[in-house]
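Participant: The following file, run39.txt, comprises compact mmCIF, C-alpha atoms:
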# COMPACT_ATOMS: atom_id res chain seq x y z
CA MET A 1 115.00 101.83 73.97
CA LYS A 2 111.95 103.58 75.39
CA GLN A 3 112.12 104.10 79.09
CA ASN A 4 109.08 103.76 81.29
CA LYS A 5 108.40 107.34 82.26
CA SER A 6 106.95 106.33 85.62
CA LEU A 7 110.50 105.49 86.63
CA GLU A 8 111.51 109.10 86.17
CA THR A 9 109.06 110.62 88.63
CA PRO A 10 111.61 111.48 91.35
CA GLN A 11 113.18 114.04 89.04
CA MET A 12 109.85 115.55 87.99
CA ALA A 13 109.53 119.27 88.38
CA ILE A 14 107.20 120.37 91.15
CA ASP A 15 104.63 122.58 89.54
CA LYS A 16 101.93 122.85 92.14
CA SER A 17 101.84 123.90 95.74
CA ALA A 18 100.23 121.95 98.56
CA ARG A 19 96.61 122.82 99.34
CA PHE A 20 96.68 121.41 102.87
CA LYS A 21 99.10 122.03 105.70
CA VAL A 22 100.15 119.92 108.67
CA GLY A 23 97.38 119.89 111.24
CA ASP A 24 94.51 120.42 108.78
CA ARG A 25 91.48 118.21 109.27
CA VAL A 26 90.61 116.35 106.08
CA ARG A 27 88.06 113.78 105.00
CA VAL A 28 88.95 111.01 102.55
CA LYS A 29 86.51 111.31 99.67
CA ASP A 30 84.48 108.31 98.64
CA MET A 31 85.03 108.68 94.92
CA PRO A 32 84.42 106.18 92.17
CA TYR A 33 87.45 104.92 90.30
CA LEU A 34 88.00 102.66 87.34
CA PHE A 35 90.28 99.63 87.51
CA TYR A 36 92.88 100.84 89.98
CA THR A 37 93.35 102.94 93.08
CA ARG A 38 95.58 102.90 96.15
CA SER A 39 93.00 104.66 98.36
CA GLN A 40 91.88 102.00 100.80
CA MET A 41 88.16 101.39 101.34
CA TYR A 42 88.58 101.48 105.11
CA THR A 43 89.59 105.16 105.04
CA ARG A 44 86.79 106.39 102.79
CA GLY A 45 84.63 109.03 104.37
CA VAL A 46 86.72 109.12 107.53
CA VAL A 47 88.18 112.35 108.92
CA GLY A 48 91.86 112.51 109.82
CA THR A 49 94.64 115.05 110.28
CA ILE A 50 97.44 115.95 107.90
CA ALA A 51 100.60 114.63 109.57
CA ALA A 52 103.07 115.48 106.79
CA CYS A 53 103.27 116.87 103.27
CA THR A 54 105.50 114.35 101.55
CA TYR A 55 106.17 114.63 97.80
CA GLN A 56 104.50 115.41 94.51
CA ASP A 57 103.91 112.72 91.95
CA LEU A 58 101.45 111.27 89.48
CA ILE A 59 98.31 109.72 90.94
CA PRO A 60 98.21 105.91 90.97
CA GLU A 61 94.95 105.78 89.00
CA GLU A 62 96.81 107.30 86.02
CA GLU A 63 100.31 106.06 86.60
CA ALA A 64 99.16 102.44 86.75
CA PHE A 65 98.29 102.74 83.07
CA ASN A 66 101.31 104.85 82.15
CA LEU A 67 99.08 107.83 81.43
CA ASP A 68 100.36 111.36 81.40
CA GLY A 69 98.84 113.43 84.12
CA GLN A 70 99.46 116.31 86.42
CA VAL A 71 101.65 115.60 89.40
CA GLU A 72 100.00 116.37 92.69
CA GLN A 73 100.84 116.68 96.37
CA TYR A 74 100.81 113.60 98.59
CA TYR A 75 100.16 113.69 102.34
CA ILE A 76 100.52 111.38 105.30
CA VAL A 77 97.14 111.44 107.02
CA ARG A 78 96.70 110.36 110.63
CA PHE A 79 93.44 108.82 111.82
CA ARG A 80 92.21 107.83 115.24
CA GLN A 81 91.66 104.08 115.17
CA LYS A 82 88.29 104.66 116.84
CA ASP A 83 87.20 106.72 113.82
CA LEU A 84 88.20 103.93 111.42
CA TRP A 85 86.76 101.04 113.43
CA PRO A 86 83.94 102.13 115.76
CA GLU A 87 84.41 99.09 118.00
CA TYR A 88 88.16 99.74 118.45
CA PRO A 89 88.82 99.57 122.19
CA PHE A 90 91.91 101.78 122.71
CA ASP A 91 91.34 105.54 122.65
CA ASN A 92 94.90 106.66 121.97
CA ASP A 93 95.80 104.38 119.07
CA THR A 94 96.24 105.87 115.62
CA LEU A 95 96.87 104.85 112.01
CA GLN A 96 98.66 106.76 109.28
CA THR A 97 98.50 106.30 105.56
CA GLU A 98 99.31 108.30 102.45
CA SER A 99 96.93 110.00 100.09
CA PRO A 100 97.21 112.18 97.02
CA GLU A 101 95.47 115.55 97.26
CA ARG A 102 92.46 114.80 95.09
CA TRP A 103 91.24 112.13 97.50
CA LEU A 104 91.06 114.63 100.38
CA GLU A 105 88.70 117.47 101.26
CA LEU A 106 89.11 120.05 103.98
CA VAL A 107 86.84 119.67 107.01
CA SER A 108 86.30 123.13 108.38
CA ASP A 109 83.36 122.49 110.68
CA GLU A 110 84.25 120.18 113.55
CA SER A 111 80.59 119.32 114.04
CA GLY A 112 80.47 117.91 110.51
CA PRO A 113 79.17 114.43 109.88
CA GLU A 114 82.32 112.47 110.65
CA GLN A 115 80.72 109.08 110.70
CA GLU A 116 78.85 109.15 107.40
CA ARG A 117 80.82 106.27 105.98
CA LYS A 118 79.88 104.22 103.03
CA GLY A 119 80.99 100.71 102.33
CA SER A 120 82.08 99.90 105.84
CA GLU A 121 82.92 96.26 106.30
CA MET B 1 84.13 71.40 103.49
CA SER B 2 83.56 67.73 102.95
CA HIS B 3 84.92 65.40 100.34
CA THR B 4 85.26 61.66 100.10
CA HIS B 5 88.54 60.02 100.87
CA THR B 6 89.56 56.81 99.17
CA HIS B 7 93.02 56.09 100.38
CA GLY B 8 94.99 52.95 99.74
CA ASP B 9 96.84 52.22 96.52
CA GLY B 10 96.95 55.93 95.86
CA GLY B 11 95.35 57.64 92.91
CA ALA B 12 92.25 55.52 92.45
CA ASP B 13 90.10 58.48 93.40
CA HIS B 14 91.30 61.58 91.62
CA SER B 15 88.89 63.84 93.49
CA HIS B 16 91.24 63.62 96.45
CA ARG B 17 94.18 65.99 96.41
CA ALA B 18 96.84 66.34 99.04
CA ALA B 19 97.09 69.73 100.67
CA PRO B 20 99.61 71.76 98.66
CA MET B 21 102.94 72.37 100.36
CA VAL B 22 103.35 75.74 98.67
CA GLU B 23 100.83 78.13 97.25
CA GLU B 24 100.07 77.82 93.59
CA ILE B 25 101.68 80.30 91.23
CA THR B 26 99.70 83.53 91.17
CA ASP B 27 98.49 85.49 88.15
CA PHE B 28 101.06 88.16 88.95
CA GLU B 29 103.90 85.66 88.97
CA VAL B 30 102.77 84.40 85.57
CA LEU B 31 102.62 88.00 84.39
CA GLU B 32 106.12 88.71 85.72
CA ILE B 33 107.56 85.73 83.89
CA ALA B 34 105.77 86.68 80.67
CA VAL B 35 106.92 90.31 80.80
CA ARG B 36 110.46 89.30 81.74
CA GLU B 37 110.72 86.85 78.86
CA LEU B 38 109.34 89.43 76.44
CA ALA B 39 111.84 92.02 77.70
CA ILE B 40 114.72 89.58 77.21
CA GLU B 41 113.42 88.63 73.77
CA HIS B 42 113.25 92.29 72.74
CA GLY B 43 116.72 93.03 74.08
CA LEU B 44 115.74 95.46 76.89
CA PHE B 45 118.09 93.45 79.11
CA THR B 46 119.73 90.08 78.96
CA ALA B 47 118.90 87.02 81.03
CA GLU B 48 122.37 87.36 82.58
CA GLU B 49 121.67 90.97 83.63
CA HIS B 50 118.34 89.92 85.10
CA ARG B 51 119.99 87.12 87.07
CA ARG B 52 122.69 89.42 88.42
CA PHE B 53 120.14 92.07 89.46
CA THR B 54 117.93 89.48 91.17
CA GLU B 55 120.88 88.02 93.05
CA TRP B 56 121.97 91.48 94.13
CA ALA B 57 118.45 92.44 95.28
CA GLU B 58 118.06 89.21 97.22
CA SER B 59 121.44 89.54 98.89
CA ILE B 60 120.57 92.78 100.71
CA GLU B 61 120.26 92.21 104.44
CA PRO B 62 118.71 94.28 107.23
CA ALA B 63 122.20 95.12 108.51
CA ALA B 64 122.13 98.59 106.95
CA GLY B 65 118.96 99.45 108.86
CA SER B 66 120.54 98.18 112.08
CA ARG B 67 123.56 100.41 111.47
CA LEU B 68 121.31 103.40 110.84
CA VAL B 69 119.46 102.89 114.13
CA ALA B 70 122.66 102.32 116.13
CA LYS B 71 124.21 105.47 114.69
CA ALA B 72 121.04 107.49 115.35
CA TRP B 73 121.08 106.31 118.98
CA THR B 74 124.67 107.39 119.53
CA ASP B 75 124.85 110.51 117.34
CA PRO B 76 122.04 113.06 117.88
CA ALA B 77 123.22 115.18 114.94
CA PHE B 78 122.94 112.15 112.63
CA LYS B 79 119.48 111.41 114.01
CA ALA B 80 118.44 114.98 113.21
CA ARG B 81 119.67 114.52 109.63
CA VAL B 82 117.71 111.24 109.37
CA MET B 83 114.55 113.03 110.45
CA GLU B 84 115.25 115.87 108.04
CA ASP B 85 116.03 113.81 104.92
CA ALA B 86 116.33 110.08 105.50
CA VAL B 87 117.35 109.13 101.94
CA LYS B 88 120.21 111.64 102.11
CA ALA B 89 121.27 110.48 105.59
CA CYS B 90 121.41 106.88 104.31
CA LYS B 91 124.43 107.82 102.21
CA GLU B 92 126.39 108.38 105.42
CA ILE B 93 126.02 104.68 106.25
CA GLY B 94 126.85 103.65 102.70
CA ILE B 95 123.33 103.16 101.33
CA ASP B 96 122.44 104.97 98.12
CA TRP B 97 118.71 104.67 97.39
CA ALA B 98 119.38 105.63 93.78
CA GLU B 99 121.19 102.35 93.11
CA PRO B 100 121.26 100.64 90.76
CA THR B 101 119.43 102.76 88.18
CA GLY B 102 120.20 106.31 89.27
CA PHE B 103 116.59 106.83 90.37
CA GLY B 104 116.02 103.82 92.63
CA THR B 105 114.36 100.57 91.79
CA PRO B 106 110.87 100.86 90.36
CA SER B 107 109.24 99.71 93.57
CA ASP B 108 111.42 101.37 96.18
CA TYR B 109 111.17 104.93 94.89
CA MET B 110 113.16 107.63 96.64
CA HIS B 111 111.10 108.53 99.69
CA LEU B 112 111.97 107.25 103.13
CA VAL B 113 110.38 108.28 106.42
CA VAL B 114 111.93 107.03 109.66
CA LEU B 115 109.30 106.79 112.39
CA GLU B 116 110.73 107.56 115.82
CA ASP B 117 109.29 105.67 118.77
CA THR B 118 109.10 107.25 122.21
CA PRO B 119 108.29 105.67 125.57
CA THR B 120 104.62 106.48 124.89
CA LEU B 121 104.43 105.95 121.11
CA HIS B 122 105.06 102.72 119.23
CA HIS B 123 105.04 102.47 115.43
CA VAL B 124 104.38 99.32 113.41
CA ILE B 125 104.46 99.08 109.63
CA VAL B 126 102.27 97.22 107.16
CA CYS B 127 101.34 97.53 103.51
CA THR B 128 97.70 96.53 103.18
CA LEU B 129 97.80 96.78 99.40
CA CYS B 130 100.86 94.64 98.70
CA SER B 131 104.29 94.48 100.33
CA CYS B 132 105.90 97.95 100.22
CA TYR B 133 109.10 97.73 102.25
CA PRO B 134 112.32 99.80 102.56
CA ARG B 135 114.42 97.24 100.69
CA PRO B 136 117.65 99.26 100.27
CA LEU B 137 117.89 99.26 104.09
CA LEU B 138 116.18 96.04 105.12
CA GLY B 139 116.48 93.75 102.10
CA MET B 140 113.63 91.49 101.09
CA SER B 141 110.59 91.53 103.36
CA PRO B 142 109.88 88.46 105.48
CA GLU B 143 107.27 86.07 104.16
CA TRP B 144 104.77 86.84 106.94
CA TYR B 145 104.90 90.57 106.08
CA ARG B 146 103.43 89.78 102.67
CA THR B 147 100.64 87.51 103.88
CA THR B 148 97.04 88.74 103.66
CA ASN B 149 96.62 87.58 107.25
CA TYR B 150 99.16 90.12 108.58
CA ARG B 151 98.09 92.84 106.14
CA ARG B 152 94.38 92.73 106.79
CA ARG B 153 94.58 92.17 110.54
CA LEU B 154 97.32 94.59 111.54
CA VAL B 155 95.38 97.73 110.62
CA ARG B 156 92.31 96.63 112.54
CA TRP B 157 93.64 94.59 115.45
CA PRO B 158 97.24 95.80 115.84
CA ARG B 159 97.59 94.95 119.52
CA GLN B 160 96.33 91.41 119.02
CA VAL B 161 98.71 90.84 116.10
CA LEU B 162 101.64 92.31 118.07
CA ALA B 163 100.77 90.00 120.96
CA GLU B 164 101.09 87.05 118.57
CA PHE B 165 104.65 88.24 117.93
CA GLY B 166 105.17 88.29 121.71
CA LEU B 167 104.92 92.08 122.00
CA ILE B 168 102.31 93.20 124.52
CA LEU B 169 102.10 96.95 125.01
CA PRO B 170 100.28 98.72 127.85
CA PRO B 171 97.17 100.75 126.87
CA GLU B 172 98.88 104.04 127.74
CA VAL B 173 101.38 103.48 124.92
CA GLU B 174 99.89 104.78 121.66
CA VAL B 175 100.14 102.17 118.94
CA ARG B 176 100.47 103.89 115.58
CA VAL B 177 100.06 101.72 112.51
CA GLU B 178 101.70 103.00 109.33
CA ASP B 179 99.92 101.64 106.27
CA SER B 180 102.57 102.07 103.60
CA ASN B 181 100.25 102.35 100.61
CA GLN B 182 101.97 104.80 98.26
CA LYS B 183 105.57 105.79 97.49
CA CYS B 184 107.00 106.53 100.91
CA ARG B 185 108.90 103.71 102.52
CA PHE B 186 108.95 103.49 106.30
CA MET B 187 111.27 102.20 108.98
CA VAL B 188 110.90 102.29 112.75
CA LEU B 189 113.55 103.90 114.95
CA PRO B 190 112.92 102.11 118.25
CA VAL B 191 113.69 103.51 121.70
CA ARG B 192 117.20 102.65 122.83
CA PRO B 193 116.72 100.06 125.58
CA ALA B 194 118.06 100.41 129.11
CA GLY B 195 121.19 98.46 129.87
CA THR B 196 122.98 99.53 126.70
CA GLU B 197 124.79 102.53 128.13
CA ASN B 198 128.39 102.81 126.89
CA TRP B 199 127.76 100.21 124.17
CA THR B 200 129.53 100.69 120.86
CA GLU B 201 127.59 101.19 117.62
CA GLU B 202 128.51 97.63 116.61
CA GLN B 203 127.12 96.22 119.85
CA LEU B 204 123.94 98.26 119.50
CA ALA B 205 123.43 97.24 115.86
CA GLU B 206 123.39 93.58 116.91
CA ILE B 207 120.18 93.97 118.90
CA VAL B 208 118.40 96.04 116.23
CA THR B 209 116.87 93.17 114.29
CA ARG B 210 114.61 93.33 111.26
CA ASP B 211 111.48 92.84 113.39
CA CYS B 212 112.43 95.84 115.57
CA MET B 213 112.58 98.03 112.46
CA ILE B 214 109.16 96.82 111.24
CA GLY B 215 107.82 97.39 114.74
CA VAL B 216 106.71 93.89 115.73
CA ALA B 217 109.46 93.54 118.34
CA LEU B 218 111.47 95.73 120.71
CA PRO B 219 115.25 95.64 120.97
CA ARG B 220 116.70 94.48 124.25
CA PRO B 221 120.14 93.34 125.42
CA GLY B 222 120.68 89.70 124.55
CA ARG B 223 118.02 89.58 121.82
CA THR B 224 120.03 89.37 118.58
CA ALA B 225 117.75 87.33 116.33
CA ASP B 226 114.10 87.32 115.25
CA VAL B 227 112.84 84.05 116.59
CA HIS B 228 109.15 83.33 116.29
CA PRO B 229 107.52 80.48 118.16
CA VAL B 230 107.14 77.39 115.99
CA HIS B 231 103.92 75.53 116.59
CA LYS B 232 103.66 71.84 115.83
CA ALA B 233 101.41 71.17 112.83
CA ARG B 234 98.07 69.87 114.05
CA ARG B 235 97.26 67.94 110.89
CA PRO B 236 100.50 66.89 109.24
CA VAL B 237 100.11 65.97 105.58
CA HIS B 238 101.95 62.70 106.15
CA SER B 239 99.56 61.41 108.79
CA SER B 240 98.09 57.97 108.21
CA PRO B 241 94.74 57.70 106.38
CA GLN B 242 92.89 56.93 109.63
CA HIS B 243 94.31 59.99 111.32
CA GLY B 244 93.73 62.07 108.25
CA GLU B 245 90.05 61.15 108.19
CA ALA B 246 89.63 61.58 111.90
CA ALA B 247 90.89 65.12 111.59
CA GLN B 248 88.49 66.12 108.83
Before anything else, please render the file you have as structure tokens.
Facilitator:
Amino acid sequence: MKQNKSLETPQMAIDKSARFKVGDRVRVKDMPYLFYTRSQMYTRGVVGTIAACTYQDLIPEEEAFNLDGQVEQYYIVRFRQKDLWPEYPFDNDTLQTESPERWLELVSDESGPEQERKGSE
Amino acid sequence: MSHTHTHGDGGADHSHRAAPMVEEITDFEVLEIAVRELAIEHGLFTAEEHRRFTEWAESIEPAAGSRLVAKAWTDPAFKARVMEDAVKACKEIGIDWAEPTGFGTPSDYMHLVVLEDTPTLHHVIVCTLCSCYPRPLLGMSPEWYRTTNYRRRLVRWPRQVLAEFGLILPPEVEVRVEDSNQKCRFMVLPVRPAGTENWTEEQLAEIVTRDCMIGVALPRPGRTADVHPVHKARRPVHSSPQHGEAAQ
């Protein structure tokens, strides 16, 4: 009996170190994808903060089709709700979600174009 | 939407259909049945094994989560271990995330993050992509948690959705939505309410309901069940033809 290898990911060897650390400012890339992704449209192009480095695993775009790939670091990213939804009325509220490393890019310059979002609803 | 109604002997006009009582079967449900039957046919598992697993999965209740919260409230060292490695700490309350396969179920994975509320921070959990939920601790998710209504609205209008559950939070409390979109599973550790001093773990666990651990309710003495207001249907399907037409 052949076992689905995606079920074995918790035991996978960690072979790559995390590029980002807690507190880093990152932007969710607005990348094209074919067929499947778990990177929500509403986070694309928005800048958030790394809240936690969680685990390393295959990326959903490959795992969904049972493809072999490199495991990579996942992060919990925290956004200000006001950055996600410009009309959001409460300054303090936040939203967190997870992202694999390849969907994130470091934002070094705070004056960078935070609001250049594509595909906003 | 407008369509003609020809009521009476029933069935003369086939363009009229009664509102469905349940949603139609989805493509994914069809796919699940097809894959399951193929797997049984090819001997990957038997129908009996599938039935036993399904019954086991559906029998899990939120009680384990309630125990975890009650223990964390009364035992600071345990709470520290929960924050350090929640899956490992679950073993202390008798929950092994690796069951029943040795590496978890395919959809629960082995990553759990417990989100600790404070007097100025309130967490609430959603999965906008599907229905990710910490099932080893909380069992099957409630039906409303899986609806597109909850999923699409909670990320954008969390305070309005919480208000519909009867939870109205002051603006100075930060509402933090956790969109559980990958392999971490999340559970809320609420603030221990006042008036529970000297309570036993068993007493405390009683007020930590499922909704409190999703973050759509707060525990309080005397609240031991998740009761949502039931609104009377405005257009019951069994209304008379005249009423039915008047409501269109």
Participant: To one decimal place in Å, what is the distance between atom CA of B:Ser66 and atom CA of B:Ala163?
Facilitator: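 These atoms are spaced 23.2 Å apart.
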Participant: Mind dumping a table of every chain B residue within 6 Å of chain A, with the nearest atom pair and its distance in Å to one decimal, using all atoms listed in the file, sorted by chain and rising number, as a Markdown table?
Facilitator:
| residue | atom | partner | partner_atom | distance |
| --- | --- | --- | --- | --- |
| B:Pro106 | CA | A:Leu7 | CA | 6.0 |
| B:Glu174 | CA | A:Asp93 | CA | 4.9 |
| B:Val175 | CA | A:Asp93 | CA | 4.9 |
| B:Arg176 | CA | A:Thr94 | CA | 4.7 |
| B:Val177 | CA | A:Leu95 | CA | 4.5 |
| B:Glu178 | CA | A:Gln96 | CA | 4.8 |
| B:Asp179 | CA | A:Thr97 | CA | 4.9 |
Participant: Taking all atoms listed in the file into account, name the residue in B:Ile93, B:Ala194, B:Val124, B:Leu162 that is nearest to B:Gly215.
Facilitator: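 For B:Gly215, the nearest of the candidates is B:Val124.
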Participant: Report, in Å to a single decimal, how far apart atom CA of B:Val30 and atom CA of A:Glu62 are.
Facilitator: 23.7 Å
